[in-house]
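K.L.:
Sending over work_35.csv (CSV, N, CA and C atoms).
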```
chain,number,residue,atom,x,y,z
A,1048,MET,N,-1.2,-26.8,-42.7
A,1048,MET,CA,-0.9,-25.6,-42.0
A,1048,MET,C,0.5,-25.6,-41.5
A,1049,ASN,N,1.3,-24.6,-41.9
A,1049,ASN,CA,2.7,-24.5,-41.4
A,1049,ASN,C,2.8,-23.9,-40.0
A,1050,PRO,N,3.9,-24.1,-39.4
A,1050,PRO,CA,4.0,-23.7,-38.0
A,1050,PRO,C,3.8,-22.2,-37.8
A,1051,ARG,N,4.2,-21.4,-38.7
A,1051,ARG,CA,4.0,-19.9,-38.6
A,1051,ARG,C,2.5,-19.6,-38.6
A,1052,GLU,N,1.8,-20.2,-39.4
A,1052,GLU,CA,0.3,-19.9,-39.4
A,1052,GLU,C,-0.4,-20.4,-38.2
A,1053,MET,N,0.1,-21.6,-37.7
A,1053,MET,CA,-0.4,-22.1,-36.4
A,1053,MET,C,-0.2,-21.2,-35.3
A,1054,ILE,N,1.0,-20.6,-35.2
A,1054,ILE,CA,1.3,-19.7,-34.1
A,1054,ILE,C,0.4,-18.5,-34.2
A,1055,ARG,N,0.3,-17.9,-35.4
A,1055,ARG,CA,-0.6,-16.8,-35.6
A,1055,ARG,C,-2.0,-17.1,-35.3
A,1056,ALA,N,-2.5,-18.3,-35.5
A,1056,ALA,CA,-3.9,-18.6,-35.3
A,1056,ALA,C,-4.2,-18.8,-33.8
A,1057,HIS,N,-3.1,-19.2,-33.0
A,1057,HIS,CA,-3.4,-19.5,-31.6
A,1057,HIS,C,-2.7,-18.6,-30.6
A,1058,ALA,N,-2.0,-17.6,-31.1
A,1058,ALA,CA,-1.2,-16.7,-30.2
A,1058,ALA,C,-2.2,-15.9,-29.3
A,1059,TYR,N,-3.2,-15.3,-29.9
A,1059,TYR,CA,-4.0,-14.4,-29.1
A,1059,TYR,C,-4.9,-15.2,-28.1
A,1060,PRO,N,-5.5,-16.3,-28.4
A,1060,PRO,CA,-6.2,-17.1,-27.4
A,1060,PRO,C,-5.3,-17.6,-26.3
A,1061,VAL,N,-4.1,-18.0,-26.6
A,1061,VAL,CA,-3.2,-18.5,-25.6
A,1061,VAL,C,-2.8,-17.3,-24.7
A,1062,LEU,N,-2.4,-16.2,-25.2
A,1062,LEU,CA,-2.1,-15.0,-24.4
A,1062,LEU,C,-3.3,-14.5,-23.6
A,1063,ALA,N,-4.5,-14.6,-24.1
A,1063,ALA,CA,-5.7,-14.2,-23.4
A,1063,ALA,C,-5.9,-15.1,-22.2
A,1064,GLY,N,-5.7,-16.4,-22.4
A,1064,GLY,CA,-5.8,-17.4,-21.3
A,1064,GLY,C,-4.8,-17.2,-20.2
A,1065,ILE,N,-3.5,-16.9,-20.6
A,1065,ILE,CA,-2.5,-16.7,-19.6
A,1065,ILE,C,-2.8,-15.4,-18.8
A,1066,SER,N,-3.3,-14.4,-19.5
A,1066,SER,CA,-3.5,-13.1,-18.8
A,1066,SER,C,-4.7,-13.3,-17.8
A,1067,THR,N,-5.7,-14.1,-18.3
A,1067,THR,CA,-6.9,-14.3,-17.4
A,1067,THR,C,-6.5,-15.1,-16.2
A,1068,ILE,N,-5.7,-16.1,-16.4
A,1068,ILE,CA,-5.2,-16.9,-15.2
A,1068,ILE,C,-4.4,-16.1,-14.3
A,1069,SER,N,-3.5,-15.2,-14.8
A,1069,SER,CA,-2.7,-14.4,-13.9
A,1069,SER,C,-3.6,-13.4,-13.1
A,1070,LEU,N,-4.6,-12.8,-13.7
A,1070,LEU,CA,-5.5,-11.9,-13.0
A,1070,LEU,C,-6.3,-12.7,-11.9
A,1071,VAL,N,-6.7,-13.9,-12.2
A,1071,VAL,CA,-7.4,-14.7,-11.1
A,1071,VAL,C,-6.4,-15.0,-10.0
A,1072,VAL,N,-5.2,-15.3,-10.3
A,1072,VAL,CA,-4.2,-15.6,-9.2
A,1072,VAL,C,-3.9,-14.4,-8.4
A,1073,VAL,N,-3.8,-13.2,-9.0
A,1073,VAL,CA,-3.6,-12.0,-8.2
A,1073,VAL,C,-4.8,-11.7,-7.4
A,1074,ALA,N,-6.0,-11.8,-7.9
A,1074,ALA,CA,-7.2,-11.5,-7.1
A,1074,ALA,C,-7.3,-12.4,-5.9
A,1075,VAL,N,-7.0,-13.7,-6.1
A,1075,VAL,CA,-7.1,-14.7,-5.0
A,1075,VAL,C,-6.0,-14.4,-4.0
A,1076,SER,N,-4.9,-13.9,-4.4
A,1076,SER,CA,-3.8,-13.7,-3.4
A,1076,SER,C,-4.1,-12.4,-2.6
A,1077,LEU,N,-5.0,-11.5,-3.1
A,1077,LEU,CA,-5.3,-10.3,-2.3
A,1077,LEU,C,-6.4,-10.5,-1.3
A,1078,LEU,N,-7.1,-11.7,-1.4
A,1078,LEU,CA,-8.2,-11.9,-0.4
A,1078,LEU,C,-7.8,-11.9,1.0
A,1079,PRO,N,-6.7,-12.5,1.5
A,1079,PRO,CA,-6.3,-12.3,2.9
A,1079,PRO,C,-6.1,-10.9,3.3
A,1080,ILE,N,-5.5,-10.1,2.4
A,1080,ILE,CA,-5.3,-8.6,2.8
A,1080,ILE,C,-6.7,-7.9,2.9
A,1081,ALA,N,-7.6,-8.3,2.1
A,1081,ALA,CA,-9.0,-7.7,2.2
A,1081,ALA,C,-9.7,-8.1,3.5
A,1082,ARG,N,-9.5,-9.3,3.8
A,1082,ARG,CA,-10.1,-9.8,5.1
A,1082,ARG,C,-9.5,-9.1,6.3
A,1083,TRP,N,-8.2,-8.9,6.3
A,1083,TRP,CA,-7.5,-8.3,7.4
A,1083,TRP,C,-7.9,-6.8,7.5
A,1084,ALA,N,-8.0,-6.1,6.3
A,1084,ALA,CA,-8.4,-4.7,6.3
A,1084,ALA,C,-9.8,-4.6,6.8
A,1085,ARG,N,-10.7,-5.5,6.5
A,1085,ARG,CA,-12.1,-5.4,7.0
A,1085,ARG,C,-12.1,-5.6,8.5
A,1086,SER,N,-11.3,-6.5,9.0
A,1086,SER,CA,-11.3,-6.7,10.5
A,1086,SER,C,-10.7,-5.5,11.2
A,1087,GLN,N,-9.7,-4.9,10.6
A,1087,GLN,CA,-9.1,-3.7,11.2
A,1087,GLN,C,-10.1,-2.5,11.2
A,1088,ASN,N,-10.8,-2.4,10.1
A,1088,ASN,CA,-11.8,-1.3,10.0
A,1088,ASN,C,-12.9,-1.5,11.1
A,1089,ASP,N,-13.4,-2.8,11.2
A,1089,ASP,CA,-14.4,-3.1,12.2
A,1089,ASP,C,-13.8,-2.8,13.6
A,1090,CYS,N,-12.6,-3.2,13.9
A,1090,CYS,CA,-12.0,-2.9,15.2
A,1090,CYS,C,-11.9,-1.4,15.5
A,1091,ILE,N,-11.5,-0.7,14.5
A,1091,ILE,CA,-11.3,0.8,14.7
A,1091,ILE,C,-12.7,1.5,14.9
A,1092,GLU,N,-13.7,1.0,14.2
A,1092,GLU,CA,-15.0,1.5,14.4
A,1092,GLU,C,-15.5,1.3,15.9
A,1093,ARG,N,-15.2,0.1,16.5
A,1093,ARG,CA,-15.7,-0.3,17.8
A,1093,ARG,C,-14.9,0.3,18.9
A,1094,THR,N,-13.6,0.6,18.7
A,1094,THR,CA,-12.7,0.9,19.8
A,1094,THR,C,-13.0,2.3,20.4
A,1095,PHE,N,-13.0,2.3,21.7
A,1095,PHE,CA,-13.1,3.6,22.4
A,1095,PHE,C,-14.4,4.3,22.2
A,1096,ARG,N,-15.5,3.6,22.1
A,1096,ARG,CA,-16.8,4.2,21.9
A,1096,ARG,C,-17.5,4.1,23.3
A,1097,ILE,N,-17.9,5.2,23.8
A,1097,ILE,CA,-18.7,5.3,25.0
A,1097,ILE,C,-20.0,5.9,24.8
A,1098,ASP,N,-21.1,5.2,25.0
A,1098,ASP,CA,-22.4,5.7,24.7
A,1098,ASP,C,-22.6,6.2,23.2
A,1099,GLY,N,-21.9,5.4,22.3
A,1099,GLY,CA,-22.0,5.7,20.9
A,1099,GLY,C,-21.2,6.8,20.4
A,1100,LYS,N,-20.4,7.4,21.3
A,1100,LYS,CA,-19.6,8.6,20.9
A,1100,LYS,C,-18.1,8.2,20.8
A,1101,ASN,N,-17.5,8.8,19.8
A,1101,ASN,CA,-16.1,8.5,19.5
A,1101,ASN,C,-15.2,9.2,20.6
A,1102,LYS,N,-14.5,8.5,21.4
A,1102,LYS,CA,-13.8,9.1,22.5
A,1102,LYS,C,-12.2,9.0,22.3
A,1103,ALA,N,-11.8,8.6,21.1
A,1103,ALA,CA,-10.3,8.5,20.9
A,1103,ALA,C,-10.0,8.9,19.4
A,1104,GLY,N,-8.8,9.3,19.1
A,1104,GLY,CA,-8.4,9.6,17.8
A,1104,GLY,C,-8.1,8.3,17.0
A,1105,VAL,N,-7.9,8.4,15.7
A,1105,VAL,CA,-7.6,7.3,14.9
A,1105,VAL,C,-6.3,6.7,15.3
A,1106,PRO,N,-5.2,7.4,15.5
A,1106,PRO,CA,-3.9,6.8,15.9
A,1106,PRO,C,-4.0,5.9,17.1
A,1107,SER,N,-4.8,6.3,18.1
A,1107,SER,CA,-5.0,5.5,19.3
A,1107,SER,C,-5.8,4.3,19.0
A,1108,LYS,N,-6.8,4.4,18.2
A,1108,LYS,CA,-7.5,3.2,17.8
A,1108,LYS,C,-6.7,2.2,17.1
A,1109,VAL,N,-5.9,2.6,16.1
A,1109,VAL,CA,-5.1,1.7,15.3
A,1109,VAL,C,-4.1,1.1,16.3
A,1110,TRP,N,-3.5,1.8,17.2
A,1110,TRP,CA,-2.5,1.3,18.1
A,1110,TRP,C,-3.2,0.2,19.0
A,1111,SER,N,-4.4,0.5,19.4
A,1111,SER,CA,-5.1,-0.5,20.3
A,1111,SER,C,-5.5,-1.8,19.4
A,1112,CYS,N,-5.9,-1.6,18.2
A,1112,CYS,CA,-6.3,-2.7,17.4
A,1112,CYS,C,-5.2,-3.6,17.0
A,1113,ASN,N,-4.0,-3.1,17.0
A,1113,ASN,CA,-2.8,-3.8,16.6
A,1113,ASN,C,-2.0,-4.4,17.7
A,1114,GLY,N,-2.7,-4.4,18.9
A,1114,GLY,CA,-2.1,-5.1,20.1
A,1114,GLY,C,-1.3,-4.1,21.0
A,1115,GLY,N,-1.4,-2.9,20.8
A,1115,GLY,CA,-0.8,-1.9,21.7
A,1115,GLY,C,-1.5,-1.8,23.0
A,1116,GLY,N,-0.8,-1.3,24.0
A,1116,GLY,CA,-1.5,-1.1,25.3
A,1116,GLY,C,-1.4,-2.3,26.2
A,1117,ASP,N,-2.0,-2.1,27.4
A,1117,ASP,CA,-2.0,-3.2,28.4
A,1117,ASP,C,-3.3,-4.0,28.3
```
If you took the structure in this file and wrote it as structure tokens, what would it be?
P.N.:
Amino acid sequence: MNPREMIRAHAYPVLAGISTISLVVVAVSLLPIARWARSQNDCIERTFRIDGKNKAGVPSKVWSCNGGGD
């Protein structure tokens, strides 16, 4: 088998492997952002609820969840 045929025979599997690895790396790198977003959503859901009623707007909740206020 000459080098040109070898490249043709293995090019697609090699490229498929590289693309699969890159997709896995991207997915793993997004996990911390997903965890942070989940915690922010939970905080916003719980913030400023009195007797189960929403007592503040979204901007106030986001401000409070991100460390704003006293």
K.L.:
List every residue of chain A that DSSP, applied to the backbone of this structure, assigns to helix (DSSP H, G or I), and report them as a PDB file with N, CA and C atoms, in the coordinates of the input.
P.N.:
```pdb
ATOM      1  N   PRO A1050       3.900 -24.100 -39.400  1.00  0.00           N
ATOM      2  CA  PRO A1050       4.000 -23.700 -38.000  1.00  0.00           C
ATOM      3  C   PRO A1050       3.800 -22.200 -37.800  1.00  0.00           C
ATOM      4  N   ARG A1051       4.200 -21.400 -38.700  1.00  0.00           N
ATOM      5  CA  ARG A1051       4.000 -19.900 -38.600  1.00  0.00           C
ATOM      6  C   ARG A1051       2.500 -19.600 -38.600  1.00  0.00           C
ATOM      7  N   GLU A1052       1.800 -20.200 -39.400  1.00  0.00           N
ATOM      8  CA  GLU A1052       0.300 -19.900 -39.400  1.00  0.00           C
ATOM      9  C   GLU A1052      -0.400 -20.400 -38.200  1.00  0.00           C
ATOM     10  N   MET A1053       0.100 -21.600 -37.700  1.00  0.00           N
ATOM     11  CA  MET A1053      -0.400 -22.100 -36.400  1.00  0.00           C
ATOM     12  C   MET A1053      -0.200 -21.200 -35.300  1.00  0.00           C
ATOM     13  N   ILE A1054       1.000 -20.600 -35.200  1.00  0.00           N
ATOM     14  CA  ILE A1054       1.300 -19.700 -34.100  1.00  0.00           C
ATOM     15  C   ILE A1054       0.400 -18.500 -34.200  1.00  0.00           C
ATOM     16  N   ARG A1055       0.300 -17.900 -35.400  1.00  0.00           N
ATOM     17  CA  ARG A1055      -0.600 -16.800 -35.600  1.00  0.00           C
ATOM     18  C   ARG A1055      -2.000 -17.100 -35.300  1.00  0.00           C
ATOM     19  N   ALA A1056      -2.500 -18.300 -35.500  1.00  0.00           N
ATOM     20  CA  ALA A1056      -3.900 -18.600 -35.300  1.00  0.00           C
ATOM     21  C   ALA A1056      -4.200 -18.800 -33.800  1.00  0.00           C
ATOM     22  N   HIS A1057      -3.100 -19.200 -33.000  1.00  0.00           N
ATOM     23  CA  HIS A1057      -3.400 -19.500 -31.600  1.00  0.00           C
ATOM     24  C   HIS A1057      -2.700 -18.600 -30.600  1.00  0.00           C
ATOM     25  N   ALA A1058      -2.000 -17.600 -31.100  1.00  0.00           N
ATOM     26  CA  ALA A1058      -1.200 -16.700 -30.200  1.00  0.00           C
ATOM     27  C   ALA A1058      -2.200 -15.900 -29.300  1.00  0.00           C
ATOM     28  N   TYR A1059      -3.200 -15.300 -29.900  1.00  0.00           N
ATOM     29  CA  TYR A1059      -4.000 -14.400 -29.100  1.00  0.00           C
ATOM     30  C   TYR A1059      -4.900 -15.200 -28.100  1.00  0.00           C
ATOM     31  N   PRO A1060      -5.500 -16.300 -28.400  1.00  0.00           N
ATOM     32  CA  PRO A1060      -6.200 -17.100 -27.400  1.00  0.00           C
ATOM     33  C   PRO A1060      -5.300 -17.600 -26.300  1.00  0.00           C
ATOM     34  N   VAL A1061      -4.100 -18.000 -26.600  1.00  0.00           N
ATOM     35  CA  VAL A1061      -3.200 -18.500 -25.600  1.00  0.00           C
ATOM     36  C   VAL A1061      -2.800 -17.300 -24.700  1.00  0.00           C
ATOM     37  N   LEU A1062      -2.400 -16.200 -25.200  1.00  0.00           N
ATOM     38  CA  LEU A1062      -2.100 -15.000 -24.400  1.00  0.00           C
ATOM     39  C   LEU A1062      -3.300 -14.500 -23.600  1.00  0.00           C
ATOM     40  N   ALA A1063      -4.500 -14.600 -24.100  1.00  0.00           N
ATOM     41  CA  ALA A1063      -5.700 -14.200 -23.400  1.00  0.00           C
ATOM     42  C   ALA A1063      -5.900 -15.100 -22.200  1.00  0.00           C
ATOM     43  N   GLY A1064      -5.700 -16.400 -22.400  1.00  0.00           N
ATOM     44  CA  GLY A1064      -5.800 -17.400 -21.300  1.00  0.00           C
ATOM     45  C   GLY A1064      -4.800 -17.200 -20.200  1.00  0.00           C
ATOM     46  N   ILE A1065      -3.500 -16.900 -20.600  1.00  0.00           N
ATOM     47  CA  ILE A1065      -2.500 -16.700 -19.600  1.00  0.00           C
ATOM     48  C   ILE A1065      -2.800 -15.400 -18.800  1.00  0.00           C
ATOM     49  N   SER A1066      -3.300 -14.400 -19.500  1.00  0.00           N
ATOM     50  CA  SER A1066      -3.500 -13.100 -18.800  1.00  0.00           C
ATOM     51  C   SER A1066      -4.700 -13.300 -17.800  1.00  0.00           C
ATOM     52  N   THR A1067      -5.700 -14.100 -18.300  1.00  0.00           N
ATOM     53  CA  THR A1067      -6.900 -14.300 -17.400  1.00  0.00           C
ATOM     54  C   THR A1067      -6.500 -15.100 -16.200  1.00  0.00           C
ATOM     55  N   ILE A1068      -5.700 -16.100 -16.400  1.00  0.00           N
ATOM     56  CA  ILE A1068      -5.200 -16.900 -15.200  1.00  0.00           C
ATOM     57  C   ILE A1068      -4.400 -16.100 -14.300  1.00  0.00           C
ATOM     58  N   SER A1069      -3.500 -15.200 -14.800  1.00  0.00           N
ATOM     59  CA  SER A1069      -2.700 -14.400 -13.900  1.00  0.00           C
ATOM     60  C   SER A1069      -3.600 -13.400 -13.100  1.00  0.00           C
ATOM     61  N   LEU A1070      -4.600 -12.800 -13.700  1.00  0.00           N
ATOM     62  CA  LEU A1070      -5.500 -11.900 -13.000  1.00  0.00           C
ATOM     63  C   LEU A1070      -6.300 -12.700 -11.900  1.00  0.00           C
ATOM     64  N   VAL A1071      -6.700 -13.900 -12.200  1.00  0.00           N
ATOM     65  CA  VAL A1071      -7.400 -14.700 -11.100  1.00  0.00           C
ATOM     66  C   VAL A1071      -6.400 -15.000 -10.000  1.00  0.00           C
ATOM     67  N   VAL A1072      -5.200 -15.300 -10.300  1.00  0.00           N
ATOM     68  CA  VAL A1072      -4.200 -15.600  -9.200  1.00  0.00           C
ATOM     69  C   VAL A1072      -3.900 -14.400  -8.400  1.00  0.00           C
ATOM     70  N   VAL A1073      -3.800 -13.200  -9.000  1.00  0.00           N
ATOM     71  CA  VAL A1073      -3.600 -12.000  -8.200  1.00  0.00           C
ATOM     72  C   VAL A1073      -4.800 -11.700  -7.400  1.00  0.00           C
ATOM     73  N   ALA A1074      -6.000 -11.800  -7.900  1.00  0.00           N
ATOM     74  CA  ALA A1074      -7.200 -11.500  -7.100  1.00  0.00           C
ATOM     75  C   ALA A1074      -7.300 -12.400  -5.900  1.00  0.00           C
ATOM     76  N   VAL A1075      -7.000 -13.700  -6.100  1.00  0.00           N
ATOM     77  CA  VAL A1075      -7.100 -14.700  -5.000  1.00  0.00           C
ATOM     78  C   VAL A1075      -6.000 -14.400  -4.000  1.00  0.00           C
ATOM     79  N   SER A1076      -4.900 -13.900  -4.400  1.00  0.00           N
ATOM     80  CA  SER A1076      -3.800 -13.700  -3.400  1.00  0.00           C
ATOM     81  C   SER A1076      -4.100 -12.400  -2.600  1.00  0.00           C
ATOM     82  N   LEU A1077      -5.000 -11.500  -3.100  1.00  0.00           N
ATOM     83  CA  LEU A1077      -5.300 -10.300  -2.300  1.00  0.00           C
ATOM     84  C   LEU A1077      -6.400 -10.500  -1.300  1.00  0.00           C
ATOM     85  N   LEU A1078      -7.100 -11.700  -1.400  1.00  0.00           N
ATOM     86  CA  LEU A1078      -8.200 -11.900  -0.400  1.00  0.00           C
ATOM     87  C   LEU A1078      -7.800 -11.900   1.000  1.00  0.00           C
ATOM     88  N   PRO A1079      -6.700 -12.500   1.500  1.00  0.00           N
ATOM     89  CA  PRO A1079      -6.300 -12.300   2.900  1.00  0.00           C
ATOM     90  C   PRO A1079      -6.100 -10.900   3.300  1.00  0.00           C
ATOM     91  N   ILE A1080      -5.500 -10.100   2.400  1.00  0.00           N
ATOM     92  CA  ILE A1080      -5.300  -8.600   2.800  1.00  0.00           C
ATOM     93  C   ILE A1080      -6.700  -7.900   2.900  1.00  0.00           C
ATOM     94  N   ALA A1081      -7.600  -8.300   2.100  1.00  0.00           N
ATOM     95  CA  ALA A1081      -9.000  -7.700   2.200  1.00  0.00           C
ATOM     96  C   ALA A1081      -9.700  -8.100   3.500  1.00  0.00           C
ATOM     97  N   ARG A1082      -9.500  -9.300   3.800  1.00  0.00           N
ATOM     98  CA  ARG A1082     -10.100  -9.800   5.100  1.00  0.00           C
ATOM     99  C   ARG A1082      -9.500  -9.100   6.300  1.00  0.00           C
ATOM    100  N   TRP A1083      -8.200  -8.900   6.300  1.00  0.00           N
ATOM    101  CA  TRP A1083      -7.500  -8.300   7.400  1.00  0.00           C
ATOM    102  C   TRP A1083      -7.900  -6.800   7.500  1.00  0.00           C
ATOM    103  N   ALA A1084      -8.000  -6.100   6.300  1.00  0.00           N
ATOM    104  CA  ALA A1084      -8.400  -4.700   6.300  1.00  0.00           C
ATOM    105  C   ALA A1084      -9.800  -4.600   6.800  1.00  0.00           C
ATOM    106  N   ARG A1085     -10.700  -5.500   6.500  1.00  0.00           N
ATOM    107  CA  ARG A1085     -12.100  -5.400   7.000  1.00  0.00           C
ATOM    108  C   ARG A1085     -12.100  -5.600   8.500  1.00  0.00           C
ATOM    109  N   SER A1086     -11.300  -6.500   9.000  1.00  0.00           N
ATOM    110  CA  SER A1086     -11.300  -6.700  10.500  1.00  0.00           C
ATOM    111  C   SER A1086     -10.700  -5.500  11.200  1.00  0.00           C
ATOM    112  N   GLN A1087      -9.700  -4.900  10.600  1.00  0.00           N
ATOM    113  CA  GLN A1087      -9.100  -3.700  11.200  1.00  0.00           C
ATOM    114  C   GLN A1087     -10.100  -2.500  11.200  1.00  0.00           C
ATOM    115  N   ASN A1088     -10.800  -2.400  10.100  1.00  0.00           N
ATOM    116  CA  ASN A1088     -11.800  -1.300  10.000  1.00  0.00           C
ATOM    117  C   ASN A1088     -12.900  -1.500  11.100  1.00  0.00           C
ATOM    118  N   ASP A1089     -13.400  -2.800  11.200  1.00  0.00           N
ATOM    119  CA  ASP A1089     -14.400  -3.100  12.200  1.00  0.00           C
ATOM    120  C   ASP A1089     -13.800  -2.800  13.600  1.00  0.00           C
ATOM    121  N   CYS A1090     -12.600  -3.200  13.900  1.00  0.00           N
ATOM    122  CA  CYS A1090     -12.000  -2.900  15.200  1.00  0.00           C
ATOM    123  C   CYS A1090     -11.900  -1.400  15.500  1.00  0.00           C
ATOM    124  N   ILE A1091     -11.500  -0.700  14.500  1.00  0.00           N
ATOM    125  CA  ILE A1091     -11.300   0.800  14.700  1.00  0.00           C
ATOM    126  C   ILE A1091     -12.700   1.500  14.900  1.00  0.00           C
ATOM    127  N   GLU A1092     -13.700   1.000  14.200  1.00  0.00           N
ATOM    128  CA  GLU A1092     -15.000   1.500  14.400  1.00  0.00           C
ATOM    129  C   GLU A1092     -15.500   1.300  15.900  1.00  0.00           C
ATOM    130  N   ARG A1093     -15.200   0.100  16.500  1.00  0.00           N
ATOM    131  CA  ARG A1093     -15.700  -0.300  17.800  1.00  0.00           C
ATOM    132  C   ARG A1093     -14.900   0.300  18.900  1.00  0.00           C
ATOM    133  N   VAL A1105      -7.900   8.400  15.700  1.00  0.00           N
ATOM    134  CA  VAL A1105      -7.600   7.300  14.900  1.00  0.00           C
ATOM    135  C   VAL A1105      -6.300   6.700  15.300  1.00  0.00           C
ATOM    136  N   PRO A1106      -5.200   7.400  15.500  1.00  0.00           N
ATOM    137  CA  PRO A1106      -3.900   6.800  15.900  1.00  0.00           C
ATOM    138  C   PRO A1106      -4.000   5.900  17.100  1.00  0.00           C
ATOM    139  N   SER A1107      -4.800   6.300  18.100  1.00  0.00           N
ATOM    140  CA  SER A1107      -5.000   5.500  19.300  1.00  0.00           C
ATOM    141  C   SER A1107      -5.800   4.300  19.000  1.00  0.00           C
ATOM    142  N   LYS A1108      -6.800   4.400  18.200  1.00  0.00           N
ATOM    143  CA  LYS A1108      -7.500   3.200  17.800  1.00  0.00           C
ATOM    144  C   LYS A1108      -6.700   2.200  17.100  1.00  0.00           C
ATOM    145  N   VAL A1109      -5.900   2.600  16.100  1.00  0.00           N
ATOM    146  CA  VAL A1109      -5.100   1.700  15.300  1.00  0.00           C
ATOM    147  C   VAL A1109      -4.100   1.100  16.300  1.00  0.00           C
ATOM    148  N   TRP A1110      -3.500   1.800  17.200  1.00  0.00           N
ATOM    149  CA  TRP A1110      -2.500   1.300  18.100  1.00  0.00           C
ATOM    150  C   TRP A1110      -3.200   0.200  19.000  1.00  0.00           C
ATOM    151  N   SER A1111      -4.400   0.500  19.400  1.00  0.00           N
ATOM    152  CA  SER A1111      -5.100  -0.500  20.300  1.00  0.00           C
ATOM    153  C   SER A1111      -5.500  -1.800  19.400  1.00  0.00           C
ATOM    154  N   CYS A1112      -5.900  -1.600  18.200  1.00  0.00           N
ATOM    155  CA  CYS A1112      -6.300  -2.700  17.400  1.00  0.00           C
ATOM    156  C   CYS A1112      -5.200  -3.600  17.000  1.00  0.00           C
TER     157      CYS A1112
END
```
K.L.:
What does the structure give for the distance between atom N of Val1073 in chain A and atom C of Met1053 in chain A, in Å to one decimal?
P.N.:
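Separation between atom N of Val1073 in chain A and atom C of Met1053 in chain A: 27.7 Å.
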K.L.:
Please, what distance in Å, to one decimal, runs between atom N of Ile1091 in chain A and atom C of Gly1115 in chain A?
P.N.:
13.2 Å
K.L.:
Mind pulling up the distance from CA of Asp1089 in chain A to atom C of Val1075 in chain A?
P.N.:
21.5 Å
K.L.:
Which parts of chain A does DSSP call strand (DSSP E or B) when run on the backbone here, written out as a list in words?
P.N.:
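DSSP on the backbone gives strand (DSSP E or B) at Arg1096, Ile1097, Lys1100 and Asn1101 of chain A.
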K.L.:
With distances taken over only C-alpha atoms, which residue among A:Val1105, A:Cys1112, A:Ala1063, A:Val1071 lies nearest Cys1090 in chain A?
P.N.:
A:Cys1112
K.L.:
Could you add N, CA, C and O atoms to range 1101-1113 of chain A and give me the result as an mmCIF file, keeping the file's coordinate frame?
P.N.:
```cif
data_model
loop_
_atom_site.group_PDB
_atom_site.id
_atom_site.type_symbol
_atom_site.label_atom_id
_atom_site.label_comp_id
_atom_site.auth_asym_id
_atom_site.auth_seq_id
_atom_site.Cartn_x
_atom_site.Cartn_y
_atom_site.Cartn_z
ATOM 1 N N ASN A 1101 -17.500 8.800 19.800
ATOM 2 C CA ASN A 1101 -16.100 8.500 19.500
ATOM 3 C C ASN A 1101 -15.200 9.200 20.600
ATOM 4 O O ASN A 1101 -15.207 10.463 20.623
ATOM 5 N N LYS A 1102 -14.500 8.500 21.400
ATOM 6 C CA LYS A 1102 -13.800 9.100 22.500
ATOM 7 C C LYS A 1102 -12.200 9.000 22.300
ATOM 8 O O LYS A 1102 -11.493 9.393 23.148
ATOM 9 N N ALA A 1103 -11.800 8.600 21.100
ATOM 10 C CA ALA A 1103 -10.300 8.500 20.900
ATOM 11 C C ALA A 1103 -10.000 8.900 19.400
ATOM 12 O O ALA A 1103 -10.874 8.659 18.533
ATOM 13 N N GLY A 1104 -8.800 9.300 19.100
ATOM 14 C CA GLY A 1104 -8.400 9.600 17.800
ATOM 15 C C GLY A 1104 -8.100 8.300 17.000
ATOM 16 O O GLY A 1104 -7.870 7.259 17.593
ATOM 17 N N VAL A 1105 -7.900 8.400 15.700
ATOM 18 C CA VAL A 1105 -7.600 7.300 14.900
ATOM 19 C C VAL A 1105 -6.300 6.700 15.300
ATOM 20 O O VAL A 1105 -6.155 5.441 15.357
ATOM 21 N N PRO A 1106 -5.200 7.400 15.500
ATOM 22 C CA PRO A 1106 -3.900 6.800 15.900
ATOM 23 C C PRO A 1106 -4.000 5.900 17.100
ATOM 24 O O PRO A 1106 -3.479 4.811 17.190
ATOM 25 N N SER A 1107 -4.800 6.300 18.100
ATOM 26 C CA SER A 1107 -5.000 5.500 19.300
ATOM 27 C C SER A 1107 -5.800 4.300 19.000
ATOM 28 O O SER A 1107 -5.470 3.204 19.594
ATOM 29 N N LYS A 1108 -6.800 4.400 18.200
ATOM 30 C CA LYS A 1108 -7.500 3.200 17.800
ATOM 31 C C LYS A 1108 -6.700 2.200 17.100
ATOM 32 O O LYS A 1108 -6.770 0.996 17.333
ATOM 33 N N VAL A 1109 -5.900 2.600 16.100
ATOM 34 C CA VAL A 1109 -5.100 1.700 15.300
ATOM 35 C C VAL A 1109 -4.100 1.100 16.300
ATOM 36 O O VAL A 1109 -3.817 -0.132 16.171
ATOM 37 N N TRP A 1110 -3.500 1.800 17.200
ATOM 38 C CA TRP A 1110 -2.500 1.300 18.100
ATOM 39 C C TRP A 1110 -3.200 0.200 19.000
ATOM 40 O O TRP A 1110 -2.616 -0.874 19.170
ATOM 41 N N SER A 1111 -4.400 0.500 19.400
ATOM 42 C CA SER A 1111 -5.100 -0.500 20.300
ATOM 43 C C SER A 1111 -5.500 -1.800 19.400
ATOM 44 O O SER A 1111 -5.319 -2.890 19.940
ATOM 45 N N CYS A 1112 -5.900 -1.600 18.200
ATOM 46 C CA CYS A 1112 -6.300 -2.700 17.400
ATOM 47 C C CYS A 1112 -5.200 -3.600 17.000
ATOM 48 O O CYS A 1112 -5.329 -4.783 16.686
ATOM 49 N N ASN A 1113 -4.000 -3.100 17.000
ATOM 50 C CA ASN A 1113 -2.800 -3.800 16.600
ATOM 51 C C ASN A 1113 -2.000 -4.400 17.700
ATOM 52 O O ASN A 1113 -0.859 -4.710 17.636
#
```
